$ cat run05.json   # JSON, C-alpha atoms
[["chain", "number", "residue", "atom", "x", "y", "z"],
["A", 2, "MET", "CA", 0.00, 0.00, 0.00],
["A", 3, "VAL", "CA", 1.41, 3.40, -0.98],
["A", 4, "LYS", "CA", 1.01, 6.23, 1.50],
["A", 5, "MET", "CA", 0.71, 9.84, 0.33],
["A", 6, "ALA", "CA", 3.95, 10.82, 2.06],
["A", 7, "ASP", "CA", 5.84, 8.05, 0.18],
["A", 8, "VAL", "CA", 4.97, 9.36, -3.30],
["A", 9, "ASP", "CA", 7.64, 11.46, -4.99],
["A", 10, "SER", "CA", 7.00, 13.84, -7.86],
["A", 11, "GLU", "CA", 6.95, 11.84, -11.05],
["A", 12, "SER", "CA", 5.04, 11.77, -14.30],
["A", 13, "MET", "CA", 3.40, 9.16, -16.46],
["A", 14, "HIS", "CA", 2.55, 9.35, -20.12],
["A", 15, "ARG", "CA", -0.14, 7.50, -22.06],
["A", 16, "SER", "CA", -1.26, 7.61, -25.66],
["A", 17, "SER", "CA", -4.54, 6.39, -27.12],
["A", 18, "ASP", "CA", -2.96, 4.97, -30.25],
["A", 19, "ASN", "CA", 0.40, 4.37, -31.87],
["A", 20, "SER", "CA", 0.24, 7.57, -33.91],
["A", 21, "GLY", "CA", 0.25, 9.66, -30.72],
["A", 22, "GLU", "CA", -2.77, 11.59, -31.99],
["A", 23, "HIS", "CA", -4.31, 11.78, -28.52],
["A", 24, "SER", "CA", -1.74, 12.16, -25.83],
["A", 25, "SER", "CA", -2.20, 13.01, -22.19],
["A", 26, "ARG", "CA", 0.11, 13.58, -19.32],
["A", 27, "ILE", "CA", -0.56, 12.77, -15.69],
["A", 28, "THR", "CA", 1.75, 14.37, -13.17],
["A", 29, "MET", "CA", 2.07, 14.05, -9.42],
["A", 30, "HIS", "CA", 3.39, 16.78, -7.16],
["A", 31, "THR", "CA", 3.84, 16.88, -3.39],
["A", 32, "PHE", "CA", 4.61, 19.68, -0.97],
["A", 33, "SER", "CA", 4.12, 20.38, 2.72],
["A", 34, "THR", "CA", 3.99, 23.06, 5.39],
["A", 35, "ALA", "CA", 4.46, 23.07, 9.15],
["A", 36, "MET", "CA", 1.92, 24.58, 11.49],
["A", 37, "ASN", "CA", 2.84, 24.54, 15.17],
["A", 38, "ASP", "CA", 3.76, 20.89, 15.81],
["A", 39, "THR", "CA", 1.78, 19.56, 12.85],
["A", 40, "GLU", "CA", 3.12, 18.82, 9.38],
["A", 41, "ILE", "CA", 0.46, 19.24, 6.67],
["A", 42, "TYR", "CA", 1.05, 17.33, 3.44],
["A", 43, "PHE", "CA", -0.33, 18.16, 0.00],
["A", 44, "PHE", "CA", -0.59, 15.90, -3.05],
["A", 45, "VAL", "CA", -1.60, 17.11, -6.51],
["A", 46, "LEU", "CA", -2.55, 14.72, -9.30],
["A", 47, "LYS", "CA", -2.76, 16.74, -12.51],
["A", 48, "LEU", "CA", -4.82, 15.34, -15.38],
["A", 49, "ASP", "CA", -5.56, 16.91, -18.80],
["A", 50, "GLU", "CA", -8.24, 19.44, -17.83],
["A", 51, "SER", "CA", -8.58, 18.75, -14.13],
["A", 52, "PHE", "CA", -6.62, 18.02, -10.99],
["A", 53, "VAL", "CA", -7.02, 16.34, -7.63],
["A", 54, "LEU", "CA", -5.66, 18.10, -4.54],
["A", 55, "TRP", "CA", -5.37, 16.15, -1.31],
["A", 56, "HIS", "CA", -4.33, 17.79, 1.96],
["A", 57, "GLY", "CA", -3.98, 16.40, 5.44],
["A", 58, "ASP", "CA", -1.92, 15.56, 8.46],
["A", 59, "LYS", "CA", -2.72, 11.83, 8.25],
["A", 60, "SER", "CA", -3.00, 9.45, 5.33],
["A", 61, "GLU", "CA", -6.83, 9.55, 5.33],
["A", 62, "LEU", "CA", -8.86, 10.57, 2.30],
["A", 63, "GLY", "CA", -11.47, 12.46, 4.31],
["A", 64, "ASN", "CA", -14.13, 14.41, 2.45],
["A", 65, "MET", "CA", -13.91, 14.72, -1.35],
["A", 66, "THR", "CA", -15.48, 17.70, -3.10],
["A", 67, "LEU", "CA", -15.76, 18.36, -6.84],
["A", 68, "ALA", "CA", -15.96, 21.88, -8.27],
["A", 69, "MET", "CA", -16.18, 23.05, -11.87],
["A", 70, "CYS", "CA", -16.91, 26.19, -13.82],
["A", 71, "SER", "CA", -20.33, 26.64, -15.37],
["A", 72, "LYS", "CA", -21.44, 28.86, -18.22],
["A", 73, "PHE", "CA", -24.41, 29.83, -16.04],
["A", 74, "SER", "CA", -22.38, 31.32, -13.18],
["A", 75, "ARG", "CA", -19.22, 33.38, -12.68],
["A", 76, "GLU", "CA", -18.23, 31.33, -9.67],
["A", 77, "ALA", "CA", -17.59, 27.60, -9.94],
["A", 78, "ILE", "CA", -20.18, 25.21, -8.56],
["A", 79, "SER", "CA", -19.30, 22.39, -6.17],
["A", 80, "THR", "CA", -20.72, 19.21, -4.71],
["A", 81, "SER", "CA", -19.55, 16.63, -2.22],
["A", 82, "VAL", "CA", -18.48, 13.35, -3.80],
["A", 83, "THR", "CA", -18.49, 11.51, -0.47],
["A", 84, "GLU", "CA", -21.16, 11.34, 2.20],
["A", 85, "GLU", "CA", -19.05, 13.36, 4.61],
["A", 86, "THR", "CA", -19.05, 17.09, 3.83],
["A", 87, "SER", "CA", -16.53, 19.83, 4.51],
["A", 88, "ASP", "CA", -17.16, 23.55, 4.15],
["A", 89, "PHE", "CA", -13.42, 24.13, 3.86],
["A", 90, "ASN", "CA", -12.95, 21.62, 1.01],
["A", 91, "SER", "CA", -16.01, 22.96, -0.77],
["A", 92, "SER", "CA", -14.80, 26.55, -0.49],
["A", 93, "LEU", "CA", -11.27, 25.62, -1.53],
["A", 94, "ALA", "CA", -12.42, 23.56, -4.54],
["A", 95, "THR", "CA", -14.70, 26.40, -5.68],
["A", 96, "LYS", "CA", -11.90, 28.98, -5.42],
["A", 97, "LEU", "CA", -9.41, 26.76, -7.25],
["A", 98, "ALA", "CA", -11.86, 25.87, -10.04],
["A", 99, "THR", "CA", -12.75, 29.55, -10.51],
["A", 100, "ARG", "CA", -9.09, 30.55, -10.52],
["A", 101, "THR", "CA", -7.84, 27.80, -12.87],
["A", 102, "GLY", "CA", -10.93, 27.19, -15.02],
["A", 103, "LYS", "CA", -10.45, 23.45, -14.47],
["A", 104, "GLN", "CA", -12.47, 20.71, -12.87],
["A", 105, "VAL", "CA", -11.06, 20.34, -9.35],
["A", 106, "PHE", "CA", -11.37, 17.55, -6.81],
["A", 107, "VAL", "CA", -10.33, 18.52, -3.28],
["A", 108, "GLY", "CA", -10.04, 15.95, -0.54],
["A", 109, "GLY", "CA", -8.47, 15.79, 2.82],
["A", 110, "LYS", "CA", -8.85, 15.99, 6.51],
["A", 111, "THR", "CA", -6.92, 17.80, 9.19],
["A", 112, "ALA", "CA", -7.25, 17.55, 12.94],
["A", 113, "SER", "CA", -7.68, 21.29, 13.41],
["A", 114, "THR", "CA", -10.59, 23.46, 12.31],
["A", 115, "ASP", "CA", -9.04, 26.61, 13.79],
["A", 116, "GLU", "CA", -9.53, 29.62, 11.47],
["A", 117, "HIS", "CA", -5.82, 30.57, 11.52],
["A", 118, "PHE", "CA", -4.89, 26.98, 10.72],
["A", 119, "ILE", "CA", -7.31, 26.87, 7.77],
["A", 120, "ARG", "CA", -6.05, 30.21, 6.41],
["A", 121, "THR", "CA", -2.46, 28.94, 6.63],
["A", 122, "VAL", "CA", -3.34, 25.79, 4.68],
["A", 123, "GLU", "CA", -5.17, 27.82, 2.03],
["A", 124, "ALA", "CA", -2.29, 30.34, 1.78],
["A", 125, "ARG", "CA", 0.21, 27.51, 1.26],
["A", 126, "ILE", "CA", -1.87, 26.08, -1.60],
["A", 127, "VAL", "CA", -2.17, 29.51, -3.24],
["A", 128, "GLU", "CA", 1.59, 30.03, -2.87],
["A", 129, "GLU", "CA", 2.28, 26.70, -4.56],
["A", 130, "LEU", "CA", -0.21, 27.49, -7.34],
["A", 131, "LYS", "CA", 1.53, 30.82, -8.00],
["A", 132, "ASN", "CA", 5.06, 29.37, -7.89],
["A", 133, "HIS", "CA", 4.33, 26.11, -9.74],
["A", 134, "PRO", "CA", 1.21, 26.52, -11.93],
["A", 135, "GLU", "CA", 2.44, 23.68, -14.18],
["A", 136, "HIS", "CA", 1.49, 21.21, -11.41],
["A", 137, "PHE", "CA", -2.17, 22.27, -11.33]]

$ encode --input "run05.json" --output "structure tokens"
Amino acid sequence: MVKMADVDSESMHRSSDNSGEHSSRITMHTFSTAMNDTEIYFFVLKLDESFVLWHGDKSELGNMTLAMCSKFSREAISTSVTEETSDFNSSLATKLATRTGKQVFVGGKTASTDEHFIRTVEARIVEELKNHPEHF
């Protein structure tokens, strides 16, 4: 079983036929941040027109939210993919989908729901998006 913390950045390539007419690239990217005594890990799985962002302090999937842009609204719309819901994941997925114009899955679970903690996690994701947009 592979744990999130064990995955290094790497990429895979697949092609639908021998001519290479349809080609897609899947990339994985990890980063982290420390908050007090807690290390928060982030994992990004970039697909063609979407990405999955996982965040957490344990290797648990937690809530998974999907957000995407709609021609009927300026702001992206979101829905929970799992039974468990998270206002933070929903808000984060909506912001990221609006910002990137991509379909975004956000999952994760952290022990703290402190407002400062949540802002720090969000700021770290935004920093990574600004510094490494090729991973999103």

$ residues_around --input "run05.json" --residues "Ala68 (chain A)" --least-positions-apart "6" --cutoff "8 Å" --atoms "only C-alpha atoms" --output "short mmCIF file (atom, residue, chain, number, x, y, z; two decimals) with C-alpha atoms, in the frame of the given file"
data_model
loop_
_atom_site.label_atom_id
_atom_site.label_comp_id
_atom_site.auth_asym_id
_atom_site.auth_seq_id
_atom_site.Cartn_x
_atom_site.Cartn_y
_atom_site.Cartn_z
CA ALA A 77 -17.59 27.60 -9.94
CA ILE A 78 -20.18 25.21 -8.56
CA SER A 79 -19.30 22.39 -6.17
CA THR A 80 -20.72 19.21 -4.71
CA SER A 91 -16.01 22.96 -0.77
CA ALA A 94 -12.42 23.56 -4.54
CA THR A 95 -14.70 26.40 -5.68
CA ALA A 98 -11.86 25.87 -10.04
CA GLN A 104 -12.47 20.71 -12.87
CA VAL A 105 -11.06 20.34 -9.35
CA PHE A 106 -11.37 17.55 -6.81
#

$ closest_residue --input "run05.json" --among "A:Leu97, A:Gly108, A:Leu46, A:Asn90" --to "Val127 (chain A)" --atoms "only C-alpha atoms"
A:Leu97

$ residues_around --input "run05.json" --residues "Thr114 (chain A)" --least-positions-apart "6" --cutoff "12 Å" --atoms "only C-alpha atoms" --output "list in words"
Gly57, Ser87, Asp88, Phe89, Asn90, Arg120, Thr121 and Val122 of chain A

$ atom_distance --input "run05.json" --atom1 "CA of Thr28 (chain A)" --atom2 "CA of Ile119 (chain A)"
26.0 Å

$ atom_distance --input "run05.json" --atom1 "CA of Thr83 (chain A)" --atom2 "CA of Val53 (chain A)"
14.4 Å

$ atom_distance --input "run05.json" --atom1 "CA of Leu93 (chain A)" --atom2 "CA of Asp49 (chain A)"
20.2 Å

$ closest_residue --input "run05.json" --among "A:Arg75, A:Phe32, A:Met69, A:Asp115" --to "Asn132 (chain A)" --atoms "all atoms listed in the file"
A:Phe32

$ closest_residue --input "run05.json" --among "A:Phe43, A:Val107, A:Glu50, A:Leu130" --to "Leu67 (chain A)" --atoms "only C-alpha atoms"
A:Val107

$ closest_residue --input "run05.json" --among "A:Ser74, A:Gly109, A:His133, A:Glu123" --to "Lys96 (chain A)" --atoms "all atoms listed in the file"
A:Glu123

$ residues_around --input "run05.json" --residues "Ser81 (chain A)" --least-positions-apart "4" --cutoff "7 Å" --atoms "only C-alpha atoms" --output "ChimeraX atom specification"
/A:65-67,86
